[in-house]
Every structure is written in C-alpha cells, then in structure tokens.
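Asker: Before I ask anything, let me first share the structure, which is written out below as structure tokens.
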Amino acid sequence: MKHIIIGTAGHIDHGKTTLIKALTGRNTDRWEEEQRRGITIDLGFTWFDLPGGDRAGIIDVPGHERFINNMVAGVVGMDMVLLVVAADEGIMPQTREHMDILSLLGIEKSIIVLNKCDLVDEEWTELVEEEIREELAGSFLEKAPIVRVSAATGAGLKELVDIIEKIAEEEVVEKDTATIPRLPIDRAFSLSGFGTIITGTLLSGTITKEDVLEMYPIGKTSKIRSIQVHGQDVDKCYAGQRVAINLSNIKKREIGRGCVLAPPGSMKNTDLLDVKMNILDSSMRVLTNHTRLHLFTGTSEILCRAVLLDKEEIGPGESGYVQLRLEEEIALRRGDKFVVRFYSPMETIGGGVVLEPNPSIHRRFQEPVIEDLKRKESGSTADVIEMHVKNYKDTMITLSDLARLTALSPEEVEQDIEELKEQGLIRTYALKKDTYVWHAGAAKEAEETLLNALKKYEASYPYRYGMKKAEIHTNYFRKIKPNVFDLYIGSLTEEGILERVDEFLCTPGYQVRKDTLYDRVSAALMGAMEKAGFDFVRYSEIPVGSVDPDVEDDIRNILLEEGKIVKVTDEMYTLSSYMEEAKEKIQEKLKEDPVITIAQVRDMFQTSRKSAKPILEYMDSIKVTKKTGGESEFCGEPHFAKRAVHFHAVRGHSRGNVHEI
C-alpha cells in the first residue's frame, strides 16, 4: 500500500478547508480562532481512503499571506497538491504566490480544483477555466487537470477522487523506506500522562517503537515511546506517512518547528549553507550582496544574509551561487529545497536547492569554490561517486581511486560510500590496505551470470560437486583481483546465494547425482581397492566397464570428498579404512622406537617395498611421520630412507594427536 501525502494551496476563503471536510468528513481547523474567524492559521491534518485501498494523508495549509510560513512547512513531504481556485473569483494574488512556492519546492504533481461551481453559471465557469489556463501557460501547472467541484453540495467530488487515485497509482513514486529516517517537526505539544508529542511527515526511512533518535539541532537523544499514524497506534511508521510520536527525555519547550528527528550522528548542525538561488520571474526585487532574507526550508523559518559568490546581483528570472549565513543553527541535507522571502516587506522572491549543507566560509568570486559548486549542482558528490563506480563494473574501484577521481578527501568519499551503501546502491569489500567498491547493479548482474553458469555446469557434470572457484574466476571474473573475488564469493555463501564444498561452488540445494551408474562405478572402484589391500592397485588398471573416463574421475572424486577412499600417490588409491589401520600400527611402532624404515613397514603389512614407500609418504602428508634423510641400514644394500618422529601429547586435546618436537 502506498503512503500518499496530499496538500492544499490557494487564496484565503477559496474553500480549501471545506473541500477537505467534504472529502474526509473531518474539520482540520483545530484552533478556536481558526473556527471563529473562518480561516486556517496553522496546519491541519486528516486522511481518507482511496477506492483502490491506498490511504491519503491530507494537509490543509493556510492561504492568508500572514501565515505563508505555515504554508511552506505544510509542503514538506507532499506527493501532490490540490490548488484550489474559487469559481466566483478566479486566480488571486495569494494563489500566484502559492504557485511560485510550489514550483520552487519542486512540487510537480498537482490538480486544479475549481471550487464553488454551484455559485456561478456554466458560461462564467468556462471563462474562469480559460483564464486559469492562460495564467498557468508555461508553468509547471500547465498540464494539470482541472476538476469542477462544489465542496458545499458534493458535486464533482467523485471525479476528483478518481483523478487523485489515477495520479497516485501512475505517477507518485513510493518514498525510500530503506534509507535513514528523517522527520521534520511541524508541531510539538504535551499530553498529561504521556509527555511530549511531535507530528510531521516522515520524509525517508522507517521509525520503530523503542528506536533511539536524535533531535536536531538541539542535540538531545530520545527513545520512541509510541507511534500513531492517522490516529491508530502502530509499532513502525514508514516514509510518506503523517505520524505522531511520543518522545522521552525531551520537553515540549525544547522543540520548535524546524527541528528534525533522525538517527544520532547522521546529520550535522550548521549556520552556513551553499545554495543555488533562483529569483522568480515575477519578483520586483533584485538580490544584492548581503541582503537580509527569511529562509524557509523543511519546517524551519530562519533569518539569514545572502553572500553572492559569482555575481554582483541576481535579478528576476536569474540564478546564481549564494552562501546563506544563518542567524540560527539548522540541520539539512544536500538536495533539500528552500524558499526565501524579502525581509521587509515580506514577499516571496525566490528559492532553490542546497548544494552543501556544511560548508566553510567563502570569499566572493573564488573560481575553485564556484567550480566545486557547479560540480555539486550537476549531482551530489554521492551521485558523482555512484557514476564513477558504475564505470568499473568489471574490475571494481578502490576508495583511494575514487578520492583521486572526484577531488574529494578520503573522509568525504567514505561518508558518501556509507550513504550509498545504506541506500543499497553499492557493495563494499574491505581489505587491509583499501576497500573495493562495486555497484549493486553490476554485482546483481554478476550474481545472475554466476548462478546461470553454475546451473549449466551442474546439468553438464552431474557427478561433480560444482564448478571450481578458480575456474569461475578465470572464466567470468578475471579482471577482479583474486583476494577481492574471494571476499565476493564469501559474501554470496554467507547470504545463501550459493553453496561451497571445499573449492567447488554450486547453487543452493544442489546434490551430486547418485544413480545406478554411480552405484556400479563406485562399487567397482572400492571392490578393486579392497581386494588389493596394502599392495594397492593402480587407478587406471581398475576395470569399470564402458564408462566415460571423465565420469569415472568424477565418481572417484565423490568417494574422495566423502572420505570413503584416500589418494596414496598420483596413481594409487585405497580405502580410507586401510590407511587408518596403517596409521594406528605405525603410531604404536613409533612409541617403541622413534625411527621406522621402509623395510619395517613392508614387513608390518606384508607387502612390497614398492607399496611400503607410498604408505610412509602418505604418513608424512598427514603429519604422522617426518622424513629425516638417508641412512645405510645394511651393507651392500641400497640406501633406505629413514623416517624419525618424536611424539608428545597435545595439551587440551582428548585425542592422541602427536606433533614433532
């Protein structure tokens, strides 16, 4: 289910609150003064369910010029806006200012609601519609649908709801619930027995009951006691929902509109902002250096001075890079939108986007500063880094290489990498000296390639445990360094995406085939080895019938992997039980004498020297014996290699393991 936030905008007394009551059955004017005067002063909130099942939160914002700061606060987190125009009056000055604010804050999905159509005739309604279309030509509202309604009689409400649902389904993009939560506060109050309550629109992420979050910019942490969404208690709320949260450890008097609730350490307070400033075409003001302004961003209203970095002045319809020096601290993120109004008289003159929320103080007309801002405008540093990472899908790229490519400090790169990682856009593989970064899209593509290759391999070689890791690296990932590839494979096995049997990789749940052919070949191999005893038989001389040599080798490898047979030499194999018997007898002999010869082994197992020597070499390989050099045992006889071992019990082990001293 989508969580949709709808706002209203428009001139005072054009029927916004009445329209919301007609849609929801609730009055959003909370204060006695609002109800007495018949105007909305503060933000009002309610909701209604769309026919398809989505729930739409709706915000009633003030239309009066004196309460424009509340209007800007209400726009935060909106998915679409109902621009309400009274049919008996048409577009009014406050309607135009609201349109400018919506445009500056990036609100694009809008519906023009022509209200009070019951008060005028058809001809007048058509004239007003024509006037609206002319007024909106060339603006972001140019193609917005116009719906005729009467909030008083209910006429046209069904058509309005149908259009809202259509836009919600086809155009509204669900907000990111996987990233860090951020909740700008638009209202704080206290309730007896509960303590401090805050409300706002959750812009991103999720908040869960018992989470510990920080209130910016005051710097106090608080545990979430309880959460309400549309009047119902919930354990978790999601981006795009209107929420009310009961906080611990923070008093109402400490919180003001403009505070932001987010994870501890995820944001940083600032009294400086680097921005791209756009002055409205309709503005009658020219922005000059050091002009004092009212800044509206999120739910904040702060006084500031504008330092023009690349121009002497910015006129109507123009834009420029500006550093805003704030009179109070605030906590923002790169990409946040804002509106500025002239200090006195209060009128909206422009707005823009935050390029850097934590800059240092800049002097004017510094080319490196301007170039840096241009780069940040074209995309955030995280966006730029993501683009670079995408270009290295075959090899991955290191953090140090990214720092060189982007001209950012390693600390800045690490911060952006963490942000991208939290958003699920990249994956990292840390080595001692550096960290390798891979785009999630490339990693997913590689994962699909790998699984498809394994499936084909398993179908072609059903008697193998899978494909060798080294073979996969050579065939599909040869441009990735082996130690980084090992980390990648390790992550896939941890996530259960593939399975590993020693150096073999396979798809989850895959088992080697054990059919009648397997039974016949394994029985032939093990039968021949059992019959040969300690004389051993060459693997190539064991008759198994008409079987593909590769299949025979695969079945032999299954027997090896399962520990039923062991490899004595390159040509000789035997039953594991035989070599266990040999190990026990040799260890008993070594307790009496630390030196054992090939001749002694030959006699011990009544075999030939040709078979005795491999037995001792096998014992060397499993650390039971150690070759110490050649000694002459008998005069005139060939020199026999002796093997000497000294034993002591390994402390802490219950089994009789032995080590050379």
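Ligands are numbered from 1 in the order shown, chains are lettered A, B, ... in the order of the structure tokens, and residues start at 1 in each chain.
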Using only C-alpha atoms, which residues sit within 12 Å of Ala532 of chain A once same-chain residues fewer than 4 positions away are excluded, as number ranges by chain?

Answerer: A: 525-528, 536-539, 541-542, 572-575, 578, 607, 611

Asker: Just write the chosen residues, N, CA, C and O atoms, as a PDB file, in the first residue's frame.

Answerer:
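That gives us part19.pdb:
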ATOM      1  N   LEU A 525      35.250 -49.584  -8.177  1.00  0.00           N
ATOM      2  CA  LEU A 525      36.465 -48.949  -7.661  1.00  0.00           C
ATOM      3  C   LEU A 525      36.782 -49.433  -6.254  1.00  0.00           C
ATOM      4  O   LEU A 525      37.917 -49.849  -5.965  1.00  0.00           O
ATOM      5  N   MET A 526      35.793 -49.382  -5.376  1.00  0.00           N
ATOM      6  CA  MET A 526      36.044 -49.754  -3.986  1.00  0.00           C
ATOM      7  C   MET A 526      36.293 -51.258  -3.849  1.00  0.00           C
ATOM      8  O   MET A 526      37.083 -51.690  -2.997  1.00  0.00           O
ATOM      9  N   GLY A 527      35.632 -52.069  -4.696  1.00  0.00           N
ATOM     10  CA  GLY A 527      35.868 -53.511  -4.661  1.00  0.00           C
ATOM     11  C   GLY A 527      37.296 -53.852  -5.039  1.00  0.00           C
ATOM     12  O   GLY A 527      37.941 -54.693  -4.393  1.00  0.00           O
ATOM     13  N   ALA A 528      37.818 -53.217  -6.083  1.00  0.00           N
ATOM     14  CA  ALA A 528      39.195 -53.473  -6.509  1.00  0.00           C
ATOM     15  C   ALA A 528      40.185 -53.027  -5.438  1.00  0.00           C
ATOM     16  O   ALA A 528      41.195 -53.703  -5.190  1.00  0.00           O
ATOM     17  N   PHE A 536      47.994 -52.297  -3.028  1.00  0.00           N
ATOM     18  CA  PHE A 536      47.449 -51.204  -3.834  1.00  0.00           C
ATOM     19  C   PHE A 536      47.288 -51.589  -5.296  1.00  0.00           C
ATOM     20  O   PHE A 536      47.970 -52.464  -5.812  1.00  0.00           O
ATOM     21  N   VAL A 537      46.391 -50.925  -5.942  1.00  0.00           N
ATOM     22  CA  VAL A 537      46.139 -51.149  -7.353  1.00  0.00           C
ATOM     23  C   VAL A 537      46.134 -49.796  -8.051  1.00  0.00           C
ATOM     24  O   VAL A 537      45.688 -48.794  -7.489  1.00  0.00           O
ATOM     25  N   ARG A 538      46.695 -49.771  -9.213  1.00  0.00           N
ATOM     26  CA  ARG A 538      46.694 -48.520  -9.971  1.00  0.00           C
ATOM     27  C   ARG A 538      45.261 -48.173 -10.387  1.00  0.00           C
ATOM     28  O   ARG A 538      44.529 -49.035 -10.870  1.00  0.00           O
ATOM     29  N   TYR A 539      44.936 -46.937 -10.235  1.00  0.00           N
ATOM     30  CA  TYR A 539      43.578 -46.483 -10.568  1.00  0.00           C
ATOM     31  C   TYR A 539      43.246 -46.763 -12.026  1.00  0.00           C
ATOM     32  O   TYR A 539      42.141 -47.213 -12.355  1.00  0.00           O
ATOM     33  N   GLU A 541      44.133 -49.117 -13.792  1.00  0.00           N
ATOM     34  CA  GLU A 541      44.027 -50.543 -14.109  1.00  0.00           C
ATOM     35  C   GLU A 541      42.760 -51.177 -13.534  1.00  0.00           C
ATOM     36  O   GLU A 541      42.540 -52.376 -13.699  1.00  0.00           O
ATOM     37  N   ILE A 542      41.916 -50.362 -12.883  1.00  0.00           N
ATOM     38  CA  ILE A 542      40.675 -50.907 -12.310  1.00  0.00           C
ATOM     39  C   ILE A 542      39.618 -50.981 -13.400  1.00  0.00           C
ATOM     40  O   ILE A 542      39.275 -49.969 -14.018  1.00  0.00           O
ATOM     41  N   MET A 572      47.820 -44.217  -7.233  1.00  0.00           N
ATOM     42  CA  MET A 572      47.292 -45.226  -6.313  1.00  0.00           C
ATOM     43  C   MET A 572      46.262 -44.636  -5.355  1.00  0.00           C
ATOM     44  O   MET A 572      46.487 -43.578  -4.768  1.00  0.00           O
ATOM     45  N   TYR A 573      45.161 -45.366  -5.186  1.00  0.00           N
ATOM     46  CA  TYR A 573      44.108 -45.018  -4.244  1.00  0.00           C
ATOM     47  C   TYR A 573      43.797 -46.264  -3.427  1.00  0.00           C
ATOM     48  O   TYR A 573      44.010 -47.395  -3.881  1.00  0.00           O
ATOM     49  N   THR A 574      43.276 -46.066  -2.232  1.00  0.00           N
ATOM     50  CA  THR A 574      42.884 -47.209  -1.414  1.00  0.00           C
ATOM     51  C   THR A 574      41.752 -46.795  -0.493  1.00  0.00           C
ATOM     52  O   THR A 574      41.385 -45.613  -0.415  1.00  0.00           O
ATOM     53  N   LEU A 575      41.201 -47.774   0.220  1.00  0.00           N
ATOM     54  CA  LEU A 575      40.117 -47.481   1.150  1.00  0.00           C
ATOM     55  C   LEU A 575      40.637 -46.675   2.337  1.00  0.00           C
ATOM     56  O   LEU A 575      41.739 -46.926   2.833  1.00  0.00           O
ATOM     57  N   TYR A 578      41.836 -48.741   5.330  1.00  0.00           N
ATOM     58  CA  TYR A 578      43.168 -49.334   5.294  1.00  0.00           C
ATOM     59  C   TYR A 578      44.208 -48.358   5.827  1.00  0.00           C
ATOM     60  O   TYR A 578      45.090 -48.717   6.605  1.00  0.00           O
ATOM     61  N   THR A 607      53.720 -56.518   2.491  1.00  0.00           N
ATOM     62  CA  THR A 607      53.579 -56.006   1.137  1.00  0.00           C
ATOM     63  C   THR A 607      54.960 -55.814   0.539  1.00  0.00           C
ATOM     64  O   THR A 607      55.969 -56.248   1.126  1.00  0.00           O
ATOM     65  N   SER A 611      55.066 -50.693  -2.365  1.00  0.00           N
ATOM     66  CA  SER A 611      53.858 -50.203  -1.705  1.00  0.00           C
ATOM     67  C   SER A 611      54.154 -49.600  -0.336  1.00  0.00           C
ATOM     68  O   SER A 611      53.418 -48.739   0.150  1.00  0.00           O
TER      69      SER A 611
END

Asker: Using only C-alpha atoms, which protein or nucleic acid residues come within 9 Å of segment 151-156 of chain A? Drop anything in the same chain fewer than 6 positions from it, and give the result as a PDB file with N, CA and C atoms, in the first residue's frame.

Answerer:
ATOM      1  N   GLY A  15     -12.045  27.978  -0.124  1.00  0.00           N
ATOM      2  CA  GLY A  15     -12.745  26.733   0.210  1.00  0.00           C
ATOM      3  C   GLY A  15     -11.858  25.526   0.424  1.00  0.00           C
ATOM      4  N   LYS A  16     -10.580  25.723   0.789  1.00  0.00           N
ATOM      5  CA  LYS A  16      -9.689  24.568   0.971  1.00  0.00           C
ATOM      6  C   LYS A  16     -10.147  23.688   2.129  1.00  0.00           C
ATOM      7  N   THR A  18     -13.098  23.546   3.583  1.00  0.00           N
ATOM      8  CA  THR A  18     -14.411  22.960   3.287  1.00  0.00           C
ATOM      9  C   THR A  18     -14.269  21.779   2.337  1.00  0.00           C
ATOM     10  N   LEU A  19     -13.377  21.892   1.362  1.00  0.00           N
ATOM     11  CA  LEU A  19     -13.138  20.794   0.420  1.00  0.00           C
ATOM     12  C   LEU A  19     -12.605  19.567   1.157  1.00  0.00           C
ATOM     13  N   ILE A  20     -11.652  19.786   2.066  1.00  0.00           N
ATOM     14  CA  ILE A  20     -11.089  18.653   2.807  1.00  0.00           C
ATOM     15  C   ILE A  20     -12.161  17.994   3.673  1.00  0.00           C
ATOM     16  N   LYS A  21     -13.013  18.800   4.290  1.00  0.00           N
ATOM     17  CA  LYS A  21     -14.086  18.225   5.104  1.00  0.00           C
ATOM     18  C   LYS A  21     -15.040  17.409   4.243  1.00  0.00           C
ATOM     19  N   ALA A  22     -15.290  17.874   3.020  1.00  0.00           N
ATOM     20  CA  ALA A  22     -16.171  17.132   2.110  1.00  0.00           C
ATOM     21  C   ALA A  22     -15.535  15.807   1.697  1.00  0.00           C
ATOM     22  N   LEU A  23     -14.198  15.771   1.560  1.00  0.00           N
ATOM     23  CA  LEU A  23     -13.506  14.546   1.161  1.00  0.00           C
ATOM     24  C   LEU A  23     -13.376  13.558   2.311  1.00  0.00           C
ATOM     25  N   ASN A 115     -13.410  25.278  -7.329  1.00  0.00           N
ATOM     26  CA  ASN A 115     -14.403  25.099  -6.279  1.00  0.00           C
ATOM     27  C   ASN A 115     -15.527  26.151  -6.386  1.00  0.00           C
ATOM     28  N   LYS A 116     -16.590  25.910  -5.655  1.00  0.00           N
ATOM     29  CA  LYS A 116     -17.745  26.811  -5.577  1.00  0.00           C
ATOM     30  C   LYS A 116     -18.448  26.983  -6.931  1.00  0.00           C
ATOM     31  N   CYS A 117     -18.427  25.912  -7.732  1.00  0.00           N
ATOM     32  CA  CYS A 117     -19.077  25.983  -9.047  1.00  0.00           C
ATOM     33  C   CYS A 117     -20.596  26.119  -8.929  1.00  0.00           C
ATOM     34  N   ASP A 118     -21.143  25.826  -7.743  1.00  0.00           N
ATOM     35  CA  ASP A 118     -22.585  25.983  -7.552  1.00  0.00           C
ATOM     36  C   ASP A 118     -23.003  27.447  -7.470  1.00  0.00           C
TER      37      ASP A 118
END

Asker: Between atom CA of Asn557 of chain A and atom CA of Glu471 of chain A, what is the distance, to one decimal in Å?

Answerer: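 So the answer is 17.1 Å.
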
Asker: Let me make sure I understand: among A:Ser360, A:Thr196, A:Gln366, A:Gln511, which one has the smallest atom-to-atom distance to Thr270 of chain A if we use only C-alpha atoms?

Answerer: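 Among the listed residues, the smallest separation from Thr270 of chain A belongs to A:Ser360.
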
Asker: From a DSSP calculation on the backbone, collect every residue of segment 366-407 of chain A in helix (DSSP H, G or I) and output the set as a PyMOL selection string.

Answerer: chain A and resi 367-378+381-390+399-406
